[in-house]
$ cat input_1.cif   # mmCIF, C-alpha atoms and all ligand atoms
data_input
#
loop_
_atom_site.label_atom_id
_atom_site.label_comp_id
_atom_site.auth_asym_id
_atom_site.auth_seq_id
_atom_site.Cartn_x
_atom_site.Cartn_y
_atom_site.Cartn_z
CA MET A 23 135.27 42.87 75.86
CA LEU A 24 135.37 41.46 79.37
CA LEU A 25 132.67 42.62 81.72
CA LEU A 26 132.14 41.71 85.32
CA LEU A 27 128.61 40.44 85.61
CA LEU A 28 126.60 39.82 88.69
CA ASN A 29 124.82 36.54 88.19
CA LEU A 30 121.94 35.76 90.47
CA TYR A 31 120.56 32.30 90.62
CA LEU A 32 117.31 31.28 92.15
CA ALA A 33 117.36 28.74 94.92
CA ASN A 34 114.16 27.63 96.56
CA GLU A 35 113.25 26.22 99.90
CA PRO A 36 109.92 25.18 101.39
CA GLY A 37 108.26 28.11 103.12
CA ARG A 38 105.25 28.84 105.27
CA ASN A 39 102.25 26.58 104.58
CA GLY A 40 104.33 24.45 102.21
CA SER A 41 104.68 27.31 99.71
CA GLN A 42 108.03 28.01 98.12
CA VAL A 43 110.20 30.87 99.31
CA TYR A 44 112.73 31.98 96.72
CA TYR A 45 116.04 33.34 97.83
CA PRO A 46 118.51 34.73 95.34
CA THR A 47 122.09 33.61 95.84
CA ILE A 48 124.88 35.67 94.38
CA LEU A 49 127.81 34.55 92.31
CA TRP A 50 130.31 36.92 90.72
CA ARG A 51 131.98 35.71 87.59
CA PHE A 52 133.67 37.01 84.49
CA VAL A 53 131.74 36.52 81.29
CA GLN A 54 132.97 37.11 77.79
CA VAL A 55 130.69 39.76 76.38
CA ASP A 56 131.11 40.56 72.72
CA THR A 57 127.52 41.40 71.90
CA LEU A 58 126.92 44.79 73.51
CA PHE A 59 125.36 46.27 70.41
CA GLU A 60 123.83 49.62 71.12
CA THR A 61 122.58 52.10 73.68
CA THR A 62 120.29 54.33 71.77
CA MET A 63 116.73 55.10 70.82
CA HIS A 64 117.62 53.99 67.30
CA ILE A 65 116.05 50.60 66.65
CA SER A 66 118.45 48.75 64.37
CA ASP A 67 117.50 46.35 61.59
CA GLU A 68 119.59 43.77 63.43
CA LEU A 69 117.35 44.01 66.48
CA ILE A 70 114.17 43.91 64.41
CA GLN A 71 115.44 40.83 62.60
CA LEU A 72 116.18 39.12 65.93
CA LEU A 73 112.72 39.97 67.28
CA ARG A 74 110.96 38.98 64.07
CA GLN A 75 112.59 35.56 64.08
CA ALA A 76 111.95 34.91 67.78
CA ARG A 77 109.25 32.32 68.35
CA ARG A 78 109.48 32.33 72.16
CA VAL A 79 109.45 35.91 73.35
CA VAL A 80 109.62 36.73 77.07
CA VAL A 81 108.88 40.23 78.32
CA LEU A 82 109.52 41.37 81.89
CA THR A 83 107.80 44.61 82.84
CA GLY A 84 107.97 46.97 85.81
CA ALA A 85 106.31 50.15 86.96
CA GLY A 86 107.85 52.21 84.13
CA ILE A 87 105.53 50.71 81.53
CA SER A 88 102.52 52.09 83.41
CA ALA A 89 104.10 55.52 84.01
CA GLU A 90 102.59 56.83 80.78
CA SER A 91 99.17 55.73 82.08
CA GLY A 92 99.65 58.12 85.01
CA ILE A 93 100.51 55.50 87.62
CA PRO A 94 103.47 56.49 89.78
CA THR A 95 106.59 54.31 89.73
CA PHE A 96 108.32 53.34 92.99
CA ARG A 97 111.87 54.64 92.88
CA GLN A 98 111.94 57.73 90.71
CA ALA A 99 113.15 60.78 92.63
CA GLN A 100 110.28 62.89 94.03
CA THR A 101 107.45 61.22 92.10
CA GLY A 102 108.18 57.59 93.03
CA LEU A 103 105.96 56.04 95.72
CA TRP A 104 108.96 54.97 97.81
CA ALA A 105 110.35 58.51 97.57
CA GLN A 106 107.21 59.74 99.35
CA TYR A 107 106.12 56.83 101.54
CA ASP A 108 107.99 54.36 103.72
CA PRO A 109 107.55 50.77 102.52
CA GLU A 110 108.24 49.56 106.07
CA GLU A 111 105.05 51.36 107.14
CA LEU A 112 102.91 50.20 104.23
CA ALA A 113 104.12 47.08 102.48
CA THR A 114 104.92 44.41 105.08
CA ARG A 115 102.83 42.07 107.23
CA ALA A 116 104.23 43.78 110.34
CA ALA A 117 103.05 47.16 109.04
CA PHE A 118 99.54 45.80 108.52
CA ARG A 119 99.48 44.33 112.03
CA ARG A 120 100.62 47.68 113.47
CA ASN A 121 98.22 49.88 111.54
CA PRO A 122 95.75 47.98 109.35
CA ARG A 123 93.61 51.06 108.68
CA LEU A 124 96.56 53.08 107.31
CA VAL A 125 97.67 50.24 105.05
CA TRP A 126 94.13 49.48 103.82
CA GLU A 127 93.48 53.15 103.03
CA TRP A 128 96.79 53.58 101.20
CA TYR A 129 96.06 50.62 98.96
CA ALA A 130 92.45 51.79 98.50
CA TRP A 131 93.88 55.07 97.17
CA ARG A 132 96.22 53.20 94.81
CA ARG A 133 93.39 50.88 93.70
CA GLN A 134 91.36 53.94 92.77
CA LEU A 135 94.29 55.36 90.74
CA VAL A 136 94.57 52.07 88.86
CA GLN A 137 90.84 51.84 88.21
CA GLN A 138 90.87 55.32 86.70
CA ALA A 139 93.86 54.55 84.47
CA ALA A 140 93.82 53.11 80.97
CA PRO A 141 96.42 51.04 79.12
CA ASN A 142 98.87 53.18 77.13
CA PRO A 143 100.44 52.48 73.71
CA GLY A 144 103.19 50.40 75.37
CA HIS A 145 100.68 47.96 76.94
CA LEU A 146 98.69 47.84 73.70
CA ALA A 147 101.79 47.12 71.58
CA LEU A 148 102.70 44.15 73.79
CA ALA A 149 99.17 42.75 73.46
CA GLN A 150 99.41 43.17 69.69
CA TRP A 151 102.83 41.47 69.60
CA GLU A 152 101.45 38.50 71.56
CA ARG A 153 98.93 37.92 68.76
CA LEU A 154 101.81 37.68 66.21
CA VAL A 155 103.94 35.13 68.05
CA PRO A 156 103.12 31.52 69.02
CA GLY A 157 105.07 31.58 72.31
CA PHE A 158 104.80 34.90 74.11
CA THR A 159 105.09 35.21 77.88
CA LEU A 160 104.58 38.48 79.70
CA ILE A 161 106.00 38.51 83.22
CA THR A 162 105.06 41.60 85.18
CA GLN A 163 105.95 42.99 88.57
CA ASN A 164 103.04 45.37 88.25
CA VAL A 165 99.89 44.93 90.29
CA ASP A 166 97.72 47.27 88.20
CA GLY A 167 96.19 44.72 85.81
CA LEU A 168 96.73 47.03 82.81
CA HIS A 169 98.37 44.33 80.67
CA ARG A 170 95.22 42.19 80.76
CA GLN A 171 93.08 45.27 80.24
CA ALA A 172 95.13 45.97 77.11
CA GLY A 173 94.34 42.47 75.81
CA SER A 174 97.42 40.47 76.83
CA GLN A 175 96.42 36.88 77.57
CA ARG A 176 99.46 35.08 78.88
CA VAL A 177 100.41 37.27 81.82
CA ILE A 178 102.29 36.13 84.92
CA GLU A 179 101.72 38.58 87.78
CA LEU A 180 104.70 38.01 90.05
CA HIS A 181 103.63 40.54 92.69
CA GLY A 182 99.87 39.92 92.71
CA ASN A 183 97.07 42.27 91.68
CA ILE A 184 95.87 45.29 93.62
CA ARG A 185 92.33 44.88 92.25
CA ARG A 186 91.98 41.60 94.15
CA VAL A 187 91.43 41.38 97.90
CA LYS A 188 91.99 38.48 100.29
CA CYS A 189 91.97 38.00 104.04
CA PHE A 190 95.03 38.45 106.20
CA ASP A 191 94.87 35.18 108.15
CA HIS A 192 93.89 32.59 105.55
CA ASP A 193 94.10 34.20 102.09
CA HIS A 194 90.33 33.73 101.58
CA PRO A 195 89.49 35.73 98.43
CA ALA A 196 86.83 38.45 98.76
CA GLU A 197 84.78 39.65 95.80
CA SER A 198 82.98 42.38 97.73
CA TRP A 199 83.05 43.79 101.23
CA SER A 200 81.20 46.10 103.58
CA GLU A 201 82.70 49.56 104.12
CA ALA A 202 81.19 49.70 107.62
CA GLU A 203 84.57 48.84 109.13
CA THR A 204 88.09 49.81 107.95
CA PRO A 205 89.62 47.44 107.02
CA PRO A 206 86.61 45.30 106.26
CA ARG A 207 86.40 41.76 107.65
CA CYS A 208 86.48 38.40 105.89
CA VAL A 209 82.99 36.85 105.85
CA GLN A 210 84.52 33.39 106.23
CA CYS A 211 86.92 33.82 109.15
CA GLY A 212 86.51 37.37 110.47
CA SER A 213 90.13 38.43 109.90
CA PHE A 214 90.91 41.74 108.20
CA LEU A 215 90.90 42.00 104.42
CA ARG A 216 94.07 43.13 102.65
CA PRO A 217 95.18 43.67 99.04
CA ASP A 218 96.25 40.52 97.17
CA VAL A 219 99.75 41.84 96.48
CA VAL A 220 103.15 40.51 97.54
CA TRP A 221 104.56 42.52 100.42
CA PHE A 222 108.24 42.67 101.33
CA GLY A 223 109.19 39.49 103.17
CA GLU A 224 106.39 37.45 101.59
CA SER A 225 106.91 34.66 99.09
CA LEU A 226 106.06 35.09 95.44
CA PRO A 227 103.38 32.84 93.95
CA ALA A 228 105.32 29.59 93.46
CA VAL A 229 103.51 28.46 90.31
CA GLY A 230 103.87 31.86 88.63
CA LEU A 231 107.56 32.10 89.47
CA HIS A 232 108.21 28.57 88.22
CA GLN A 233 106.41 29.36 84.94
CA ALA A 234 108.40 32.58 84.62
CA VAL A 235 111.78 30.92 85.14
CA THR A 236 110.88 28.11 82.71
CA ALA A 237 109.81 30.62 80.05
CA VAL A 238 113.02 32.62 80.54
CA ARG A 239 115.21 29.54 80.21
CA ASN A 240 113.50 28.53 76.97
CA ALA A 241 113.24 31.98 75.41
CA ASP A 242 114.62 33.10 72.05
CA VAL A 243 114.79 36.66 73.36
CA LEU A 244 113.98 38.50 76.59
CA LEU A 245 113.00 42.16 76.91
CA SER A 246 113.17 43.97 80.26
CA ILE A 247 110.95 47.04 80.15
CA GLY A 248 110.45 49.84 82.69
CA THR A 249 112.03 48.19 85.69
CA SER A 250 114.86 49.48 87.88
CA ALA A 251 116.10 45.87 88.19
CA LEU A 252 116.51 46.25 91.93
CA VAL A 253 113.90 43.87 93.36
CA GLN A 254 114.59 40.15 93.49
CA PRO A 255 113.88 37.65 92.20
CA ALA A 256 112.47 39.45 89.13
CA ALA A 257 115.71 41.37 88.65
CA SER A 258 117.68 38.16 88.17
CA LEU A 259 115.53 36.92 85.28
CA PRO A 260 117.42 38.82 82.53
CA LEU A 261 120.72 37.46 83.85
CA GLU A 262 119.28 33.96 84.01
CA ALA A 263 118.39 34.38 80.33
CA LYS A 264 121.85 35.70 79.54
CA SER A 265 123.52 32.76 81.29
CA ARG A 266 121.64 30.56 78.76
CA ARG A 267 122.84 32.72 75.85
CA VAL A 268 119.41 34.22 75.31
CA PRO A 269 119.80 37.76 73.86
CA ILE A 270 118.44 40.38 76.26
CA VAL A 271 117.05 43.83 75.49
CA GLU A 272 116.37 46.71 77.89
CA ILE A 273 113.84 49.48 77.28
CA ASN A 274 114.15 52.25 79.87
CA PRO A 275 114.88 55.99 79.55
CA GLN A 276 117.29 55.68 82.52
CA PRO A 277 120.20 53.28 83.02
CA THR A 278 119.81 50.52 85.60
CA PRO A 279 122.39 48.45 87.50
CA LEU A 280 122.00 45.80 84.77
CA THR A 281 122.21 48.05 81.70
CA SER A 282 125.76 47.04 80.79
CA ALA A 283 124.74 43.38 80.68
CA PHE A 284 122.13 43.89 77.96
CA ASN A 285 122.81 43.12 74.30
CA PHE A 286 120.54 45.96 73.19
CA VAL A 287 119.53 49.02 75.19
CA LEU A 288 116.79 51.32 73.94
CA ALA A 289 116.90 54.42 76.12
CA GLY A 290 113.39 55.72 75.62
CA PRO A 291 109.86 55.57 77.00
CA ALA A 292 108.05 52.25 76.52
CA GLY A 293 104.98 53.98 75.12
CA GLU A 294 107.05 55.21 72.17
CA VAL A 295 109.60 52.43 71.72
CA LEU A 296 107.22 49.45 71.83
CA PRO A 297 104.73 50.64 69.19
CA ALA A 298 107.68 51.45 66.91
CA ILE A 299 109.16 47.97 67.40
CA VAL A 300 105.88 46.13 66.91
CA GLN A 301 105.03 48.14 63.82
CA ARG A 302 108.36 47.16 62.24
CA ILE A 303 108.03 43.49 63.25
CA HIS A 304 104.56 43.46 61.79
CA LEU A 305 105.69 45.11 58.55
CA ASN A 306 108.46 42.54 58.18
CA THR A 307 106.07 39.71 58.98
CA VAL A 308 103.57 40.63 56.33
CA SER A 309 106.03 41.73 53.63
P1 LIG B 1 110.81 51.16 89.93
O1 LIG B 1 110.05 52.36 90.36
O2 LIG B 1 111.87 50.66 90.83
O3 LIG B 1 111.47 51.45 88.50
C1 LIG B 1 110.75 51.99 87.45
C2 LIG B 1 111.65 52.08 86.24
O4 LIG B 1 110.86 52.52 85.14
C3 LIG B 1 112.81 53.05 86.39
O5 LIG B 1 114.02 52.40 86.01
C4 LIG B 1 112.47 54.18 85.39
O6 LIG B 1 113.62 54.74 84.77
C5 LIG B 1 111.64 53.42 84.38
N1 LIG B 1 110.70 54.25 83.60
C6 LIG B 1 110.07 55.39 83.96
N2 LIG B 1 109.25 55.82 82.99
C7 LIG B 1 109.36 54.94 81.97
C8 LIG B 1 108.77 54.83 80.69
N3 LIG B 1 107.88 55.73 80.23
N4 LIG B 1 109.11 53.78 79.92
C9 LIG B 1 110.01 52.86 80.36
N5 LIG B 1 110.59 52.91 81.56
C10 LIG B 1 110.28 53.94 82.36
O7 LIG B 1 109.72 50.02 89.60
P2 LIG B 1 109.93 48.45 89.49
O8 LIG B 1 111.25 48.12 88.92
O9 LIG B 1 108.73 47.91 88.84
O10 LIG B 1 107.19 45.63 94.48
O11 LIG B 1 109.92 48.03 91.02
C11 LIG B 1 109.94 46.67 91.34
C12 LIG B 1 109.10 46.43 92.57
O12 LIG B 1 109.50 47.32 93.61
C13 LIG B 1 107.63 46.71 92.41
O13 LIG B 1 106.92 45.65 91.81
C14 LIG B 1 107.19 46.91 93.82
C15 LIG B 1 108.31 47.78 94.31
O14 LIG B 1 108.56 47.74 95.68
C16 LIG B 1 106.26 45.36 95.39
O15 LIG B 1 105.41 46.17 95.71
C17 LIG B 1 106.36 43.99 95.95
#
$ encode --input "input_1.cif" --output "structure tokens"
Amino acid sequence: MLLLLLNLYLANEPGRNGSQVYYPTILWRFVQVDTLFETTMHISDELIQLLRQARRVVVLTGAGISAESGIPTFRQAQTGLWAQYDPEELATRAAFRRNPRLVWEWYAWRRQLVQQAAPNPGHLALAQWERLVPGFTLITQNVDGLHRQAGSQRVIELHGNIRRVKCFDHDHPAESWSEAETPPRCVQCGSFLRPDVVWFGESLPAVGLHQAVTAVRNADVLLSIGTSALVQPAASLPLEAKSRRVPIVEINPQPTPLTSAFNFVLAGPAGEVLPAIVQRIHLNTVS
């Protein structure tokens, strides 16, 4: 079967303060695809065999994996954060300059949601899987810290962590702050404090992104879980894997723009699919 695939490659250029800014470049090409196996909640023996044999497993997660912990996703109709709030007003440096109090308070509300949440069976299954495999890399776009809370060790947080705070001017980290002023001020330089997350227009952490791309290129299998595959450069990681003939698996109750590129598609909630997968890998491992 011939499918038209959108391949996105990562190019990098030096950015502000010597950091790396990653721009996706786009190349359309035809790729012979003869391995589109299934789109179903049924988890085949073939898939379990592939996962059981994989020694270098890479998992990319998005907001969907935390949905069953009660944390809103971004793009789902009505309930998604970007369906209710304008990212231009809340998630850019310009927005913070215009209205730092609004932005600080919105993230304070989200930080509270995250602190009240607990890892769900999907997070816990990934942490359990990591303990079964020598090379396991978890790349997440999520800022909620629930993967580490679930026990995952090797986690690359591509978009930062909402539980951390740093200052706007110099990225000085802040462990604690006075609530006398909103936003609070950095004790080192006096600039406003802000959440340590990646806003639109900002560069991703260069080391983390490099580690992520390296892991993807060397993977035996990649799973993309709970992401709409719309935000770059994370969205190009499954296609980068595919271009290296790494089998790719999607777990998402809804189709995404990349669904047709995946070798296996499990159309169900991560909190149900992942424990089922890990249980079967584990059974096969010990039998
Ligand atoms: P989105 O909100 O764009 O997509 C969430 C995906 O999760 C959707 O495809 C849902 O179908 C799926 N989903 C919902 N419930 C699920 C469940 N129980 N199990 C599995 N999947 C489920 O979130 P992301 O793709 O993570 O960036 O968004 C990427 C980035 O866009 C975020 O990191 C954030 C946002 O702007 C920044 O803030 C920089």
$ closest_residue --input "input_1.cif" --among "A:Leu124, A:Ala196, A:Val177, A:Leu252" --to "ligand LIG 1 (chain B)" --atoms "only C-alpha atoms and all ligand atoms"
A:Leu252
$ atom_distance --input "input_1.cif" --atom1 "atom CA of Arg267 of chain A" --atom2 "atom CA of Arg77 of chain A"
15.5 Å
$ residues_near_ligand --input "input_1.cif" --ligand "ligand LIG 1 (chain B)" --cutoff "9 Å" --atoms "all atoms listed in the file" --output "mmCIF file with C-alpha atoms, in the coordinates of the input"
data_model
loop_
_atom_site.group_PDB
_atom_site.id
_atom_site.type_symbol
_atom_site.label_atom_id
_atom_site.label_comp_id
_atom_site.auth_asym_id
_atom_site.auth_seq_id
_atom_site.Cartn_x
_atom_site.Cartn_y
_atom_site.Cartn_z
ATOM 1 C CA THR A 83 107.800 44.610 82.840
ATOM 2 C CA GLY A 84 107.970 46.970 85.810
ATOM 3 C CA ALA A 85 106.310 50.150 86.960
ATOM 4 C CA GLY A 86 107.850 52.210 84.130
ATOM 5 C CA ILE A 87 105.530 50.710 81.530
ATOM 6 C CA SER A 88 102.520 52.090 83.410
ATOM 7 C CA ALA A 89 104.100 55.520 84.010
ATOM 8 C CA GLU A 90 102.590 56.830 80.780
ATOM 9 C CA SER A 91 99.170 55.730 82.080
ATOM 10 C CA PRO A 94 103.470 56.490 89.780
ATOM 11 C CA THR A 95 106.590 54.310 89.730
ATOM 12 C CA PHE A 96 108.320 53.340 92.990
ATOM 13 C CA ARG A 97 111.870 54.640 92.880
ATOM 14 C CA GLN A 98 111.940 57.730 90.710
ATOM 15 C CA GLY A 102 108.180 57.590 93.030
ATOM 16 C CA LEU A 103 105.960 56.040 95.720
ATOM 17 C CA TRP A 104 108.960 54.970 97.810
ATOM 18 C CA PRO A 109 107.550 50.770 102.520
ATOM 19 C CA ALA A 113 104.120 47.080 102.480
ATOM 20 C CA GLY A 144 103.190 50.400 75.370
ATOM 21 C CA THR A 162 105.060 41.600 85.180
ATOM 22 C CA GLN A 163 105.950 42.990 88.570
ATOM 23 C CA ASN A 164 103.040 45.370 88.250
ATOM 24 C CA VAL A 165 99.890 44.930 90.290
ATOM 25 C CA LEU A 180 104.700 38.010 90.050
ATOM 26 C CA HIS A 181 103.630 40.540 92.690
ATOM 27 C CA GLY A 182 99.870 39.920 92.710
ATOM 28 C CA VAL A 219 99.750 41.840 96.480
ATOM 29 C CA VAL A 220 103.150 40.510 97.540
ATOM 30 C CA TRP A 221 104.560 42.520 100.420
ATOM 31 C CA PHE A 222 108.240 42.670 101.330
ATOM 32 C CA GLY A 223 109.190 39.490 103.170
ATOM 33 C CA GLU A 224 106.390 37.450 101.590
ATOM 34 C CA LEU A 226 106.060 35.090 95.440
ATOM 35 C CA ILE A 247 110.950 47.040 80.150
ATOM 36 C CA GLY A 248 110.450 49.840 82.690
ATOM 37 C CA THR A 249 112.030 48.190 85.690
ATOM 38 C CA SER A 250 114.860 49.480 87.880
ATOM 39 C CA ALA A 251 116.100 45.870 88.190
ATOM 40 C CA LEU A 252 116.510 46.250 91.930
ATOM 41 C CA VAL A 253 113.900 43.870 93.360
ATOM 42 C CA GLN A 254 114.590 40.150 93.490
ATOM 43 C CA ALA A 256 112.470 39.450 89.130
ATOM 44 C CA ALA A 257 115.710 41.370 88.650
ATOM 45 C CA ILE A 273 113.840 49.480 77.280
ATOM 46 C CA ASN A 274 114.150 52.250 79.870
ATOM 47 C CA PRO A 275 114.880 55.990 79.550
ATOM 48 C CA GLN A 276 117.290 55.680 82.520
ATOM 49 C CA PRO A 277 120.200 53.280 83.020
ATOM 50 C CA THR A 278 119.810 50.520 85.600
ATOM 51 C CA ALA A 289 116.900 54.420 76.120
ATOM 52 C CA GLY A 290 113.390 55.720 75.620
ATOM 53 C CA PRO A 291 109.860 55.570 77.000
ATOM 54 C CA ALA A 292 108.050 52.250 76.520
ATOM 55 C CA GLY A 293 104.980 53.980 75.120
ATOM 56 C CA GLU A 294 107.050 55.210 72.170
ATOM 57 C CA VAL A 295 109.600 52.430 71.720
#
$ atom_distance --input "input_1.cif" --atom1 "atom CA of Arg119 of chain A" --atom2 "atom CA of Asp166 of chain A"
24.1 Å
$ atom_distance --input "input_1.cif" --atom1 "atom CA of Tyr129 of chain A" --atom2 "atom CA of Ala116 of chain A"
15.6 Å
$ closest_residue --input "input_1.cif" --among "A:Cys208, A:Leu215, A:Met63, A:Ala234" --to "Arg176 of chain A" --atoms "only C-alpha atoms"
A:Ala234
$ closest_residue --input "input_1.cif" --among "A:Ile93, A:Val300, A:Ala283, A:Leu82" --to "Val235 of chain A" --atoms "all atoms listed in the file"
A:Leu82
$ axis_aligned_box --input "input_1.cif" --around "segment 162-169 of chain A" --padding-each-side "5 Å" --output "AutoDock Vina command-line options"
--center_x 101.1 --center_y 44.4 --center_z 85.5 --size_x 19.8 --size_y 15.7 --size_z 19.6
$ closest_residue --input "input_1.cif" --among "A:Pro205, A:Pro217, A:Pro260, A:Pro255" --to "Arg123 of chain A" --atoms "only C-alpha atoms"
A:Pro205
$ closest_residue --input "input_1.cif" --among "A:Val287, A:Leu154, A:Ala149, A:Ile178" --to "His64 of chain A" --atoms "all atoms listed in the file"
A:Val287
$ closest_residue --input "input_1.cif" --among "A:Ala228, A:Leu261, A:Ala202, A:Cys189" --to "Arg216 of chain A" --atoms "all atoms listed in the file"
A:Cys189
$ residues_around --input "input_1.cif" --residues "Thr159 of chain A" --least-positions-apart "2" --cutoff "10 Å" --atoms "all atoms listed in the file" --output "PDB file with C-alpha atoms, keeping the file's coordinate frame"
ATOM      1  CA  ARG A  78     109.480  32.330  72.160  1.00  0.00           C
ATOM      2  CA  VAL A  79     109.450  35.910  73.350  1.00  0.00           C
ATOM      3  CA  VAL A  80     109.620  36.730  77.070  1.00  0.00           C
ATOM      4  CA  VAL A  81     108.880  40.230  78.320  1.00  0.00           C
ATOM      5  CA  LEU A  82     109.520  41.370  81.890  1.00  0.00           C
ATOM      6  CA  GLU A 152     101.450  38.500  71.560  1.00  0.00           C
ATOM      7  CA  VAL A 155     103.940  35.130  68.050  1.00  0.00           C
ATOM      8  CA  PRO A 156     103.120  31.520  69.020  1.00  0.00           C
ATOM      9  CA  GLY A 157     105.070  31.580  72.310  1.00  0.00           C
ATOM     10  CA  ILE A 161     106.000  38.510  83.220  1.00  0.00           C
ATOM     11  CA  THR A 162     105.060  41.600  85.180  1.00  0.00           C
ATOM     12  CA  SER A 174      97.420  40.470  76.830  1.00  0.00           C
ATOM     13  CA  GLN A 175      96.420  36.880  77.570  1.00  0.00           C
ATOM     14  CA  ARG A 176      99.460  35.080  78.880  1.00  0.00           C
ATOM     15  CA  VAL A 177     100.410  37.270  81.820  1.00  0.00           C
ATOM     16  CA  ILE A 178     102.290  36.130  84.920  1.00  0.00           C
ATOM     17  CA  GLN A 233     106.410  29.360  84.940  1.00  0.00           C
ATOM     18  CA  ALA A 234     108.400  32.580  84.620  1.00  0.00           C
ATOM     19  CA  ALA A 237     109.810  30.620  80.050  1.00  0.00           C
ATOM     20  CA  VAL A 238     113.020  32.620  80.540  1.00  0.00           C
ATOM     21  CA  ALA A 241     113.240  31.980  75.410  1.00  0.00           C
ATOM     22  CA  LEU A 244     113.980  38.500  76.590  1.00  0.00           C
TER      23      LEU A 244
END
$ decode --input "input_1.cif" --residues "segment 114-174 of chain A" --atoms "C-alpha atoms" --output "mmCIF file, in the first residue's frame"
data_model
loop_
_atom_site.group_PDB
_atom_site.id
_atom_site.type_symbol
_atom_site.label_atom_id
_atom_site.label_comp_id
_atom_site.auth_asym_id
_atom_site.auth_seq_id
_atom_site.Cartn_x
_atom_site.Cartn_y
_atom_site.Cartn_z
ATOM 1 C CA THR A 114 3.801 33.356 25.505
ATOM 2 C CA ARG A 115 6.469 35.747 26.786
ATOM 3 C CA ALA A 116 4.494 38.647 25.286
ATOM 4 C CA ALA A 117 1.405 37.593 27.250
ATOM 5 C CA PHE A 118 3.400 37.568 30.487
ATOM 6 C CA ARG A 119 4.825 41.026 29.759
ATOM 7 C CA ARG A 120 1.299 42.338 29.054
ATOM 8 C CA ASN A 121 -0.399 40.811 32.084
ATOM 9 C CA PRO A 122 1.955 38.972 34.454
ATOM 10 C CA ARG A 123 -0.669 38.673 37.196
ATOM 11 C CA LEU A 124 -3.182 36.924 34.902
ATOM 12 C CA VAL A 125 -0.575 34.478 33.635
ATOM 13 C CA TRP A 126 0.843 33.765 37.111
ATOM 14 C CA GLU A 127 -2.641 33.146 38.541
ATOM 15 C CA TRP A 128 -3.658 30.859 35.666
ATOM 16 C CA TYR A 129 -0.588 28.695 36.156
ATOM 17 C CA ALA A 130 -1.067 28.785 39.948
ATOM 18 C CA TRP A 131 -4.539 27.318 39.359
ATOM 19 C CA ARG A 132 -3.108 24.614 37.082
ATOM 20 C CA ARG A 133 -0.294 23.893 39.573
ATOM 21 C CA GLN A 134 -2.910 23.318 42.249
ATOM 22 C CA LEU A 135 -4.831 20.906 39.958
ATOM 23 C CA VAL A 136 -1.632 18.954 39.355
ATOM 24 C CA GLN A 137 -0.701 18.845 43.034
ATOM 25 C CA GLN A 138 -4.118 17.412 43.869
ATOM 26 C CA ALA A 139 -3.894 14.754 41.142
ATOM 27 C CA ALA A 140 -2.432 11.274 41.433
ATOM 28 C CA PRO A 141 -0.858 9.027 38.794
ATOM 29 C CA ASN A 142 -3.395 6.743 37.098
ATOM 30 C CA PRO A 143 -2.965 3.115 35.942
ATOM 31 C CA GLY A 144 -1.442 4.325 32.641
ATOM 32 C CA HIS A 145 1.397 6.196 34.398
ATOM 33 C CA LEU A 146 1.919 3.277 36.787
ATOM 34 C CA ALA A 147 2.073 0.724 33.952
ATOM 35 C CA LEU A 148 4.808 2.721 32.192
ATOM 36 C CA ALA A 149 6.837 2.887 35.415
ATOM 37 C CA GLN A 150 6.420 -0.867 35.811
ATOM 38 C CA TRP A 151 7.453 -1.484 32.180
ATOM 39 C CA GLU A 152 10.614 0.601 32.690
ATOM 40 C CA ARG A 153 11.678 -1.813 35.436
ATOM 41 C CA LEU A 154 11.402 -4.753 32.973
ATOM 42 C CA VAL A 155 13.498 -3.285 30.162
ATOM 43 C CA PRO A 156 17.190 -2.274 30.150
ATOM 44 C CA GLY A 157 16.730 0.706 27.778
ATOM 45 C CA PHE A 158 13.502 2.576 28.391
ATOM 46 C CA THR A 159 13.103 6.270 27.614
ATOM 47 C CA LEU A 160 9.967 8.203 28.453
ATOM 48 C CA ILE A 161 9.629 11.479 26.564
ATOM 49 C CA THR A 162 6.753 13.604 27.757
ATOM 50 C CA GLN A 163 5.187 16.851 26.653
ATOM 51 C CA ASN A 164 3.386 17.000 29.971
ATOM 52 C CA VAL A 165 4.386 19.468 32.656
ATOM 53 C CA ASP A 166 2.506 17.759 35.497
ATOM 54 C CA GLY A 167 5.319 15.568 36.866
ATOM 55 C CA LEU A 168 2.983 12.562 37.210
ATOM 56 C CA HIS A 169 5.351 10.159 35.425
ATOM 57 C CA ARG A 170 8.043 10.674 38.075
ATOM 58 C CA GLN A 171 5.423 10.529 40.801
ATOM 59 C CA ALA A 172 4.385 7.138 39.399
ATOM 60 C CA GLY A 173 7.981 5.916 39.713
ATOM 61 C CA SER A 174 9.364 6.440 36.197
#
